[in-house]
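Below is data_8.pdb, which holds PDB, C-alpha atoms.
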ATOM      1  CA  MET A   1      62.464  99.328 -82.196
ATOM      2  CA  SER A   2      59.804 100.485 -79.796
ATOM      3  CA  GLY A   3      57.298  98.783 -77.601
ATOM      4  CA  LYS A   4      57.765  96.345 -74.792
ATOM      5  CA  PRO A   5      60.647  93.901 -74.993
ATOM      6  CA  ILE A   6      60.020  90.213 -75.608
ATOM      7  CA  VAL A   7      60.707  88.559 -72.246
ATOM      8  CA  LEU A   8      62.507  85.215 -72.474
ATOM      9  CA  LYS A   9      63.180  83.009 -69.487
ATOM     10  CA  VAL A  10      66.492  81.170 -69.897
ATOM     11  CA  LEU A  11      67.920  78.569 -67.517
ATOM     12  CA  THR A  12      71.598  77.925 -66.835
ATOM     13  CA  ALA A  13      72.243  74.433 -65.597
ATOM     14  CA  GLY A  14      75.132  72.094 -64.861
ATOM     15  CA  GLU A  15      77.215  70.671 -62.012
ATOM     16  CA  GLY A  16      78.583  72.864 -59.227
ATOM     17  CA  GLY A  17      81.737  74.765 -60.132
ATOM     18  CA  VAL A  18      81.397  74.586 -63.930
ATOM     19  CA  GLY A  19      81.106  78.370 -64.195
ATOM     20  CA  LYS A  20      77.391  79.184 -64.491
ATOM     21  CA  THR A  21      77.450  82.214 -62.196
ATOM     22  CA  THR A  22      80.791  83.412 -63.582
ATOM     23  CA  LEU A  23      79.360  83.258 -67.119
ATOM     24  CA  LEU A  24      76.301  85.266 -66.085
ATOM     25  CA  HIS A  25      78.412  87.950 -64.392
ATOM     26  CA  ARG A  26      80.607  88.169 -67.487
ATOM     27  CA  TYR A  27      77.613  88.408 -69.823
ATOM     28  CA  VAL A  28      75.407  90.734 -67.774
ATOM     29  CA  GLU A  29      78.047  92.993 -66.182
ATOM     30  CA  GLY A  30      80.906  92.502 -68.624
ATOM     31  CA  LYS A  31      83.371  91.508 -65.957
ATOM     32  CA  PHE A  32      85.190  88.365 -64.903
ATOM     33  CA  GLU A  33      84.736  87.306 -61.303
ATOM     34  CA  ALA A  34      87.099  84.526 -60.363
ATOM     35  CA  ASN A  35      85.651  84.016 -56.892
ATOM     36  CA  THR A  36      81.892  83.662 -57.108
ATOM     37  CA  LYS A  37      80.165  82.035 -54.164
ATOM     38  CA  MET A  38      78.290  78.776 -54.498
ATOM     39  CA  THR A  39      74.760  79.445 -55.736
ATOM     40  CA  ILE A  40      72.224  78.365 -53.134
ATOM     41  CA  GLY A  41      69.096  77.216 -54.962
ATOM     42  CA  VAL A  42      68.395  79.739 -57.724
ATOM     43  CA  GLU A  43      69.648  83.232 -58.514
ATOM     44  CA  PHE A  44      68.342  85.632 -61.069
ATOM     45  CA  PHE A  45      69.903  88.023 -63.612
ATOM     46  CA  LEU A  46      68.338  90.363 -66.199
ATOM     47  CA  LYS A  47      69.907  91.456 -69.470
ATOM     48  CA  GLU A  48      68.306  93.601 -72.149
ATOM     49  CA  VAL A  49      69.610  92.905 -75.653
ATOM     50  CA  ASN A  50      68.797  93.733 -79.224
ATOM     51  CA  ILE A  51      68.927  90.716 -81.520
ATOM     52  CA  GLU A  52      67.966  90.925 -85.169
ATOM     53  CA  GLY A  53      66.197  94.249 -84.493
ATOM     54  CA  LYS A  54      64.116  92.789 -81.663
ATOM     55  CA  ASN A  55      64.181  94.212 -78.173
ATOM     56  CA  ILE A  56      64.664  91.243 -75.820
ATOM     57  CA  MET A  57      64.688  91.046 -72.032
ATOM     58  CA  LEU A  58      66.512  87.900 -70.962
ATOM     59  CA  GLN A  59      65.507  86.568 -67.555
ATOM     60  CA  LEU A  60      68.498  84.416 -66.680
ATOM     61  CA  TRP A  61      67.895  81.798 -64.008
ATOM     62  CA  ASP A  62      71.098  80.548 -62.413
ATOM     63  CA  PHE A  63      70.528  77.055 -61.026
ATOM     64  CA  GLY A  64      72.693  75.969 -58.101
ATOM     65  CA  GLY A  65      74.657  72.906 -59.189
ATOM     66  CA  GLN A  66      74.938  71.155 -55.844
ATOM     67  CA  GLU A  67      73.104  67.853 -55.482
ATOM     68  CA  ARG A  68      71.210  69.013 -52.392
ATOM     69  CA  PHE A  69      69.389  71.803 -54.292
ATOM     70  CA  ARG A  70      68.446  69.717 -57.294
ATOM     71  CA  PHE A  71      65.019  68.646 -56.027
ATOM     72  CA  LEU A  72      63.992  72.331 -55.983
ATOM     73  CA  LEU A  73      64.913  73.098 -59.551
ATOM     74  CA  LYS A  74      62.077  71.499 -61.505
ATOM     75  CA  SER A  75      59.654  73.914 -59.873
ATOM     76  CA  TYR A  76      61.575  76.810 -61.464
ATOM     77  CA  THR A  77      61.532  75.543 -65.060
ATOM     78  CA  SER A  78      57.944  76.566 -65.783
ATOM     79  CA  GLY A  79      57.778  79.035 -68.656
ATOM     80  CA  ALA A  80      61.428  78.645 -69.641
ATOM     81  CA  LYS A  81      62.091  79.179 -73.350
ATOM     82  CA  GLY A  82      65.634  77.810 -73.487
ATOM     83  CA  ALA A  83      68.624  76.674 -71.462
ATOM     84  CA  LEU A  84      72.399  76.753 -71.401
ATOM     85  CA  LEU A  85      73.687  73.403 -70.177
ATOM     86  CA  MET A  86      77.262  73.766 -69.020
ATOM     87  CA  PHE A  87      80.144  71.467 -68.224
ATOM     88  CA  ASP A  88      83.801  72.077 -67.398
ATOM     89  CA  LEU A  89      86.211  71.142 -70.216
ATOM     90  CA  THR A  90      88.889  70.394 -67.603
ATOM     91  CA  ARG A  91      86.670  68.070 -65.525
ATOM     92  CA  PRO A  92      85.136  65.179 -67.519
ATOM     93  CA  LEU A  93      83.125  64.134 -64.442
ATOM     94  CA  THR A  94      80.956  67.235 -64.958
ATOM     95  CA  LEU A  95      79.424  65.368 -67.923
ATOM     96  CA  ASP A  96      78.299  62.416 -65.787
ATOM     97  CA  ARG A  97      74.872  63.806 -64.849
ATOM     98  CA  ILE A  98      74.011  65.548 -68.117
ATOM     99  CA  GLY A  99      70.906  63.336 -68.468
ATOM    100  CA  GLN A 100      69.680  64.470 -65.054
ATOM    101  CA  TRP A 101      70.207  68.133 -65.968
ATOM    102  CA  ILE A 102      68.377  67.734 -69.265
ATOM    103  CA  GLU A 103      65.489  66.075 -67.447
ATOM    104  CA  ILE A 104      65.330  69.057 -65.056
ATOM    105  CA  CYS A 105      65.540  71.647 -67.849
ATOM    106  CA  ARG A 106      62.943  69.880 -69.989
ATOM    107  CA  SER A 107      60.561  68.969 -67.151
ATOM    108  CA  ASP A 108      58.092  71.665 -68.266
ATOM    109  CA  ASN A 109      58.756  71.384 -72.027
ATOM    110  CA  ASP A 110      60.320  68.255 -73.512
ATOM    111  CA  GLN A 111      61.296  70.193 -76.666
ATOM    112  CA  LEU A 112      63.102  72.987 -74.797
ATOM    113  CA  PRO A 113      66.029  74.277 -76.894
ATOM    114  CA  ILE A 114      69.272  73.619 -75.009
ATOM    115  CA  LEU A 115      72.710  74.923 -75.969
ATOM    116  CA  PHE A 116      75.620  72.760 -74.780
ATOM    117  CA  ILE A 117      78.522  74.760 -73.369
ATOM    118  CA  GLY A 118      82.037  73.656 -72.470
ATOM    119  CA  THR A 119      83.531  76.166 -70.023
ATOM    120  CA  LYS A 120      87.076  77.213 -69.080
ATOM    121  CA  ASN A 121      88.357  76.999 -72.659
ATOM    122  CA  ASP A 122      91.210  79.340 -71.673
ATOM    123  CA  LEU A 123      92.811  76.510 -69.648
ATOM    124  CA  LYS A 124      94.134  74.858 -72.837
ATOM    125  CA  ASP A 125      96.687  72.632 -71.073
ATOM    126  CA  GLU A 126      94.071  71.208 -68.706
ATOM    127  CA  ILE A 127      91.301  70.387 -71.189
ATOM    128  CA  SER A 128      90.584  66.683 -70.833
ATOM    129  CA  VAL A 129      87.046  66.152 -72.117
ATOM    130  CA  ASN A 130      86.637  63.775 -75.057
ATOM    131  CA  GLU A 131      85.201  65.777 -77.976
ATOM    132  CA  GLU A 132      83.599  62.706 -79.582
ATOM    133  CA  TYR A 133      81.763  61.944 -76.369
ATOM    134  CA  VAL A 134      80.472  65.545 -76.244
ATOM    135  CA  GLU A 135      79.230  65.204 -79.844
ATOM    136  CA  GLU A 136      77.482  61.918 -78.955
ATOM    137  CA  LEU A 137      75.730  63.541 -75.989
ATOM    138  CA  MET A 138      74.708  66.452 -78.185
ATOM    139  CA  GLU A 139      73.093  64.158 -80.736
ATOM    140  CA  HIS A 140      71.578  61.819 -78.166
ATOM    141  CA  TYR A 141      69.808  64.647 -76.321
ATOM    142  CA  ASP A 142      69.036  66.706 -79.441
ATOM    143  CA  LEU A 143      70.878  69.816 -78.255
ATOM    144  CA  ILE A 144      70.850  72.803 -80.610
ATOM    145  CA  ASP A 145      74.603  73.447 -80.711
ATOM    146  CA  TYR A 146      77.877  73.114 -78.805
ATOM    147  CA  LEU A 147      80.215  75.980 -77.981
ATOM    148  CA  LYS A 148      83.420  76.235 -76.002
ATOM    149  CA  ILE A 149      83.593  79.403 -73.964
ATOM    150  CA  SER A 150      85.851  81.237 -71.560
ATOM    151  CA  SER A 151      84.273  83.636 -69.080
ATOM    152  CA  LYS A 152      87.789  84.757 -68.256
ATOM    153  CA  THR A 153      88.702  85.929 -71.778
ATOM    154  CA  GLY A 154      85.092  86.490 -72.875
ATOM    155  CA  GLU A 155      85.475  83.986 -75.744
ATOM    156  CA  ASN A 156      82.042  83.024 -77.145
ATOM    157  CA  VAL A 157      80.200  84.438 -74.117
ATOM    158  CA  LYS A 158      77.978  86.838 -76.066
ATOM    159  CA  LYS A 159      77.754  84.403 -78.969
ATOM    160  CA  SER A 160      76.330  81.627 -76.764
ATOM    161  CA  PHE A 161      73.411  83.822 -75.645
ATOM    162  CA  GLU A 162      72.856  85.064 -79.209
ATOM    163  CA  ILE A 163      72.698  81.524 -80.646
ATOM    164  CA  LEU A 164      70.226  80.427 -77.977
ATOM    165  CA  THR A 165      68.083  83.580 -78.248
ATOM    166  CA  ILE A 166      67.868  83.392 -82.050
ATOM    167  CA  ASN A 167      66.893  79.719 -81.773
ATOM    168  CA  ILE A 168      64.170  80.567 -79.236
ATOM    169  CA  LEU A 169      62.824  83.420 -81.369
ATOM    170  CA  GLU A 170      62.660  81.097 -84.393
ATOM    171  CA  GLU A 171      60.838  78.471 -82.309
ATOM    172  CA  LEU A 172      58.343  81.118 -81.184
ATOM    173  CA  GLY A 173      57.858  82.378 -84.743
ATOM    174  CA  LYS A 174      59.129  85.834 -83.778
ATOM    175  CA  LEU A 175      61.944  85.970 -86.380
TER     176      LEU A 175
END
Rendering of file as structure tokens:
Amino acid sequence: MSGKPIVLKVLTAGEGGVGKTTLLHRYVEGKFEANTKMTIGVEFFLKEVNIEGKNIMLQLWDFGGQERFRFLLKSYTSGAKGALLMFDLTRPLTLDRIGQWIEICRSDNDQLPILFIGTKNDLKDEISVNEEYVEELMEHYDLIDYLKISSKTGENVKKSFEILTINILEELGKL
């Protein structure tokens, strides 16, 4: 396992408050931050991982979810190899603009692999998203998989990045 890492640009997208930044802090730093600030425009995280014996450098682009930043985002999708598209399991309205988010993520590559992520899975009593509807969206937009995660407990956090990275590596013929 020597040589330069394979650099993969990965986008995280979804409405404001669904937990994009919290997920990235949990994944990159291994800690849960309950009070992240609203992301203004785009922020950037790096994480070096070893997947299937390959040295990978993930460039994680955290897209601000607020409507007023959305016009900026397409200019940041160039070169992206995959995306995590997130919604909040306790707020069905966060699914309303999924089409818009997919259009942003796939503006540079209409085949971009996207993993669908339902966040806040630890709030069992508040989950109110219709699973069948999520499955329909997944099929309709040809998303690679659907995972429920909790950045608070760490449930499926690492797994979500592994699934996406393996999918990207397969797409690139590197696995």
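As for CA of Gly19 (chain A) and CA of Val42 (chain A), they are spaced 14.3 Å apart.
Between CA of Phe32 (chain A) and CA of Asp62 (chain A) lies a distance of 16.3 Å.
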Check: Of the residues A:Val10, A:Ile51, A:Leu172, A:Leu137, which is the one nearest to Ser78 (chain A), using all atoms listed in the file?
Finding: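 That would be A:Val10, the residue with the smallest distance to Ser78 (chain A).
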Notebook entry, point to check: How many Å lie between CA of Lys120 (chain A) and CA of Ile168 (chain A), rounded to one decimal?
Noted result: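 Between CA of Lys120 (chain A) and CA of Ile168 (chain A) the gap is 25.3 Å.
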Note to self: At a cut-off of 9 Å, using all atoms listed in the file, what residues contact Leu8 (chain A)? Leave out same-chain residues fewer than 3 positions from it and give the result as JSON, numbers by chain.
What the structure shows: {"A": [56, 57, 58, 59, 60, 79, 80, 81, 82, 165, 168]}
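Compared by their closest atoms to Arg91 (chain A), and using all atoms listed in the file, the residues A:Gln66, A:Glu103, A:Gly17, A:Asp142 rank with A:Gly17 nearest.
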Next item on the list: Check which residues satisfy the PyMOL selection byres ((chain A and resi 153) around 10) in the file shown, then give them as a ChimeraX atom specification.
Entry: /A:26,31-32,120-122,149-152,154-157
Would you mind putting back N, CA and C atoms on region 133-160 of chain A, then writing it out as a PDB file, in the coordinates of the input?
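Output below, filename selection_8.pdb:
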ATOM      1  N   TYR A 133      82.789  62.233 -77.369  1.00  0.00           N
ATOM      2  CA  TYR A 133      81.763  61.944 -76.369  1.00  0.00           C
ATOM      3  C   TYR A 133      80.784  63.115 -76.264  1.00  0.00           C
ATOM      4  N   VAL A 134      81.313  64.345 -76.294  1.00  0.00           N
ATOM      5  CA  VAL A 134      80.472  65.545 -76.244  1.00  0.00           C
ATOM      6  C   VAL A 134      79.520  65.556 -77.441  1.00  0.00           C
ATOM      7  N   GLU A 135      80.060  65.248 -78.628  1.00  0.00           N
ATOM      8  CA  GLU A 135      79.230  65.204 -79.844  1.00  0.00           C
ATOM      9  C   GLU A 135      78.124  64.151 -79.710  1.00  0.00           C
ATOM     10  N   GLU A 136      78.480  62.990 -79.148  1.00  0.00           N
ATOM     11  CA  GLU A 136      77.482  61.918 -78.955  1.00  0.00           C
ATOM     12  C   GLU A 136      76.360  62.385 -78.025  1.00  0.00           C
ATOM     13  N   LEU A 137      76.737  63.034 -76.937  1.00  0.00           N
ATOM     14  CA  LEU A 137      75.730  63.541 -75.989  1.00  0.00           C
ATOM     15  C   LEU A 137      74.830  64.556 -76.677  1.00  0.00           C
ATOM     16  N   MET A 138      75.454  65.417 -77.481  1.00  0.00           N
ATOM     17  CA  MET A 138      74.708  66.452 -78.185  1.00  0.00           C
ATOM     18  C   MET A 138      73.634  65.840 -79.084  1.00  0.00           C
ATOM     19  N   GLU A 139      74.044  64.827 -79.839  1.00  0.00           N
ATOM     20  CA  GLU A 139      73.093  64.158 -80.736  1.00  0.00           C
ATOM     21  C   GLU A 139      72.030  63.405 -79.951  1.00  0.00           C
ATOM     22  N   HIS A 140      72.485  62.651 -78.948  1.00  0.00           N
ATOM     23  CA  HIS A 140      71.578  61.819 -78.166  1.00  0.00           C
ATOM     24  C   HIS A 140      70.448  62.649 -77.536  1.00  0.00           C
ATOM     25  N   TYR A 141      70.799  63.819 -77.023  1.00  0.00           N
ATOM     26  CA  TYR A 141      69.808  64.647 -76.321  1.00  0.00           C
ATOM     27  C   TYR A 141      69.231  65.742 -77.208  1.00  0.00           C
ATOM     28  N   ASP A 142      69.581  65.741 -78.486  1.00  0.00           N
ATOM     29  CA  ASP A 142      69.036  66.706 -79.441  1.00  0.00           C
ATOM     30  C   ASP A 142      69.261  68.146 -78.970  1.00  0.00           C
ATOM     31  N   LEU A 143      70.519  68.470 -78.690  1.00  0.00           N
ATOM     32  CA  LEU A 143      70.878  69.816 -78.255  1.00  0.00           C
ATOM     33  C   LEU A 143      71.123  70.672 -79.495  1.00  0.00           C
ATOM     34  N   ILE A 144      70.836  71.979 -79.401  1.00  0.00           N
ATOM     35  CA  ILE A 144      70.850  72.803 -80.610  1.00  0.00           C
ATOM     36  C   ILE A 144      72.243  73.088 -81.142  1.00  0.00           C
ATOM     37  N   ASP A 145      73.245  73.151 -80.263  1.00  0.00           N
ATOM     38  CA  ASP A 145      74.603  73.447 -80.711  1.00  0.00           C
ATOM     39  C   ASP A 145      75.550  73.218 -79.546  1.00  0.00           C
ATOM     40  N   TYR A 146      76.847  73.290 -79.829  1.00  0.00           N
ATOM     41  CA  TYR A 146      77.877  73.114 -78.805  1.00  0.00           C
ATOM     42  C   TYR A 146      78.922  74.196 -79.009  1.00  0.00           C
ATOM     43  N   LEU A 147      79.217  74.911 -77.935  1.00  0.00           N
ATOM     44  CA  LEU A 147      80.215  75.980 -77.981  1.00  0.00           C
ATOM     45  C   LEU A 147      81.183  75.819 -76.831  1.00  0.00           C
ATOM     46  N   LYS A 148      82.447  76.153 -77.085  1.00  0.00           N
ATOM     47  CA  LYS A 148      83.420  76.235 -76.002  1.00  0.00           C
ATOM     48  C   LYS A 148      83.569  77.710 -75.660  1.00  0.00           C
ATOM     49  N   ILE A 149      83.513  78.010 -74.386  1.00  0.00           N
ATOM     50  CA  ILE A 149      83.593  79.403 -73.964  1.00  0.00           C
ATOM     51  C   ILE A 149      84.665  79.602 -72.897  1.00  0.00           C
ATOM     52  N   SER A 150      85.028  80.853 -72.703  1.00  0.00           N
ATOM     53  CA  SER A 150      85.851  81.237 -71.560  1.00  0.00           C
ATOM     54  C   SER A 150      85.262  82.513 -70.976  1.00  0.00           C
ATOM     55  N   SER A 151      84.786  82.436 -69.742  1.00  0.00           N
ATOM     56  CA  SER A 151      84.273  83.636 -69.080  1.00  0.00           C
ATOM     57  C   SER A 151      85.437  84.550 -68.724  1.00  0.00           C
ATOM     58  N   LYS A 152      86.617  83.960 -68.598  1.00  0.00           N
ATOM     59  CA  LYS A 152      87.789  84.757 -68.256  1.00  0.00           C
ATOM     60  C   LYS A 152      88.181  85.677 -69.410  1.00  0.00           C
ATOM     61  N   THR A 153      88.297  85.119 -70.626  1.00  0.00           N
ATOM     62  CA  THR A 153      88.702  85.929 -71.778  1.00  0.00           C
ATOM     63  C   THR A 153      87.500  86.545 -72.488  1.00  0.00           C
ATOM     64  N   GLY A 154      86.300  86.016 -72.207  1.00  0.00           N
ATOM     65  CA  GLY A 154      85.092  86.490 -72.875  1.00  0.00           C
ATOM     66  C   GLY A 154      84.792  85.721 -74.166  1.00  0.00           C
ATOM     67  N   GLU A 155      85.650  84.756 -74.505  1.00  0.00           N
ATOM     68  CA  GLU A 155      85.475  83.986 -75.744  1.00  0.00           C
ATOM     69  C   GLU A 155      84.102  83.317 -75.803  1.00  0.00           C
ATOM     70  N   ASN A 156      83.352  83.631 -76.859  1.00  0.00           N
ATOM     71  CA  ASN A 156      82.042  83.024 -77.145  1.00  0.00           C
ATOM     72  C   ASN A 156      80.960  83.279 -76.093  1.00  0.00           C
ATOM     73  N   VAL A 157      81.204  84.177 -75.157  1.00  0.00           N
ATOM     74  CA  VAL A 157      80.200  84.438 -74.117  1.00  0.00           C
ATOM     75  C   VAL A 157      78.945  85.048 -74.743  1.00  0.00           C
ATOM     76  N   LYS A 158      79.119  86.172 -75.440  1.00  0.00           N
ATOM     77  CA  LYS A 158      77.978  86.838 -76.066  1.00  0.00           C
ATOM     78  C   LYS A 158      77.356  85.929 -77.130  1.00  0.00           C
ATOM     79  N   LYS A 159      78.223  85.274 -77.882  1.00  0.00           N
ATOM     80  CA  LYS A 159      77.754  84.403 -78.969  1.00  0.00           C
ATOM     81  C   LYS A 159      76.833  83.291 -78.447  1.00  0.00           C
ATOM     82  N   SER A 160      77.156  82.722 -77.302  1.00  0.00           N
ATOM     83  CA  SER A 160      76.330  81.627 -76.764  1.00  0.00           C
ATOM     84  C   SER A 160      74.905  82.097 -76.495  1.00  0.00           C
TER      85      SER A 160
END
